[in-house]
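**Q** My questions will all concern the structure given below.
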Amino acid sequence: MLILSTWRAASGLPKGVAPFGDPLEESLISFPGHFVLSPGSTLKSSVSGTSQTITVDSDEHMVKGPALVVEMKPNGEKRWDKYEYVLISKVEGNKLTVKRQFNGSPVAREFPAGSYLAPMPWDERSKTKYINFFFNLSEDCPLDEE
């Protein structure tokens, strides 16, 4: 008899990140919109490529853990090719302390005011905190260009 487990089928690492001892962490997802995002906030001011502090308009949904920063188009759509994964290590009101270029992220870059930052739910069943992101399996999932 063959028994398959699906308990981890809904989460994984971004494509290219080496698993941390568990082959179930591996995924082929490279498009950031294919991971679940919590409600977020816009950046109150621009952020340099080296800044470890990000100020958002609202701290309502800000929590310690992984987050996605994505640039916005003038029409309010996300620029999915201009993003970065960060790790929020401290929330003090609307000021966030972050680790840049987190978990397979592209190189740390500048983000203009008005860019969007959204915390990312992560799979707490993983042996390593904050690394396994949940896949967005909803019908409202953003589409990549392919």
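Residues are named by chain letter and number: chains run A, B, ... in the order of the structure tokens, numbers start at 1 in each chain, and ligands are numbered from 1 in the order shown.
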Can you list every residue of stretch 36-106 of chain A that has an atom at most 6 Å from stretch 123-141 of chain A, with its nearest atom pair and the distance in Å to one decimal, using only C-alpha atoms, ordered by chain then number, as a Markdown table?

**A**
| residue | atom | partner | partner_atom | distance |
| --- | --- | --- | --- | --- |
| A:Val36 | CA | A:Asn136 | CA | 4.8 |
| A:Gly65 | CA | A:Tyr130 | CA | 6.0 |
| A:Pro66 | CA | A:Tyr130 | CA | 6.0 |

**Q** Write out as number ranges by chain which residues come within 7 Å of stretch 108-120 of chain A when counting only C-alpha atoms, dropping same-chain ones fewer than 6 positions away.

**A** A: 36-49, 62-63, 66-72, 84, 100-101, 133

**Q** Name the residues in contact with A:Leu28 at a cut-off of 8 Å, using only C-alpha atoms, excluding same-chain residues fewer than 6 positions from it; report them as a list of chain:residue names.

**A**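 Neighbouring residues, sequence-local ones excluded: A:Pro14, A:Lys15, A:Gly16.
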
**Q** So which bits of stretch 5-102 of chain A end up helix (DSSP H, G or I) when you DSSP the backbone, as a list in words?

**A**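 Those residues are Pro23, Leu24, Glu25, Pro32, Gly33 and His34 of chain A.
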
**Q** Given the choices A:Gly12, A:Pro74, A:Gly104, A:Pro121, which gets closest to A:Glu26 if the distance is worked out from only C-alpha atoms?

**A**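 Among the listed residues, A:Gly12 lies closest to A:Glu26.
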
**Q** Do a neighbour search on A:Leu96 at 7 Å with only C-alpha atoms, toss out local chain neighbours closer than 3 positions, and write the hits as a ChimeraX atom specification.

**A** /A:53-55,88,90-92

**Q** Emit the selected residues as a CSV table (one decimal), in the first residue's frame, including all heavy atoms.

**A**
chain,number,residue,atom,x,y,z
A,53,THR,N,15.0,50.1,7.0
A,53,THR,CA,13.8,50.6,7.6
A,53,THR,C,12.8,51.0,6.5
A,53,THR,O,13.2,51.7,5.6
A,53,THR,CB,14.1,51.9,8.5
A,53,THR,OG1,15.0,51.5,9.5
A,53,THR,CG2,12.8,52.4,9.2
A,54,ILE,N,11.6,50.6,6.7
A,54,ILE,CA,10.5,50.9,5.7
A,54,ILE,C,9.4,51.6,6.5
A,54,ILE,O,8.9,51.0,7.5
A,54,ILE,CB,10.0,49.7,4.9
A,54,ILE,CG1,11.2,49.1,4.1
A,54,ILE,CG2,8.8,50.0,4.1
A,54,ILE,CD1,10.8,47.8,3.3
A,55,THR,N,8.9,52.7,6.0
A,55,THR,CA,7.7,53.3,6.7
A,55,THR,C,6.5,53.2,5.8
A,55,THR,O,6.6,53.5,4.6
A,55,THR,CB,8.0,54.8,6.9
A,55,THR,OG1,9.2,55.0,7.6
A,55,THR,CG2,6.9,55.5,7.6
A,88,ILE,N,10.3,41.0,7.9
A,88,ILE,CA,10.0,42.0,8.9
A,88,ILE,C,10.5,41.5,10.3
A,88,ILE,O,10.0,40.5,10.7
A,88,ILE,CB,8.5,42.4,9.0
A,88,ILE,CG1,8.1,42.9,7.6
A,88,ILE,CG2,8.2,43.4,10.1
A,88,ILE,CD1,6.6,43.1,7.5
A,90,LYS,N,10.9,43.8,13.0
A,90,LYS,CA,10.4,44.6,14.1
A,90,LYS,C,9.3,45.5,13.5
A,90,LYS,O,9.4,46.1,12.4
A,90,LYS,CB,11.5,45.5,14.7
A,90,LYS,CG,11.1,46.3,15.9
A,90,LYS,CD,12.3,47.2,16.2
A,90,LYS,CE,12.8,47.0,17.6
A,90,LYS,NZ,13.9,47.8,17.9
A,91,VAL,N,8.2,45.7,14.3
A,91,VAL,CA,7.1,46.6,13.9
A,91,VAL,C,7.0,47.6,15.0
A,91,VAL,O,6.6,47.2,16.2
A,91,VAL,CB,5.8,45.9,13.7
A,91,VAL,CG1,4.7,46.8,13.3
A,91,VAL,CG2,5.9,44.8,12.6
A,92,GLU,N,7.2,48.9,14.8
A,92,GLU,CA,7.1,50.0,15.7
A,92,GLU,C,6.2,51.0,15.1
A,92,GLU,O,6.6,51.9,14.4
A,92,GLU,CB,8.4,50.6,16.1
A,92,GLU,CG,9.3,49.7,16.9
A,92,GLU,CD,10.6,50.4,17.3
A,92,GLU,OE1,11.2,51.1,16.4
A,92,GLU,OE2,11.1,50.2,18.4

**Q** As an exercise, work out the distance from atom CA of A:Asp57 to atom CA of A:Phe31 in Å and give it to one decimal place.

**A**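 Calculated distance between atom CA of A:Asp57 and atom CA of A:Phe31 is 25.8 Å.
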
**Q** Given only C-alpha atoms as the basis, pick out the residue of A:Val17, A:Gly93, A:Ile29, A:Pro142 nearest to A:His61.

**A** A:Gly93
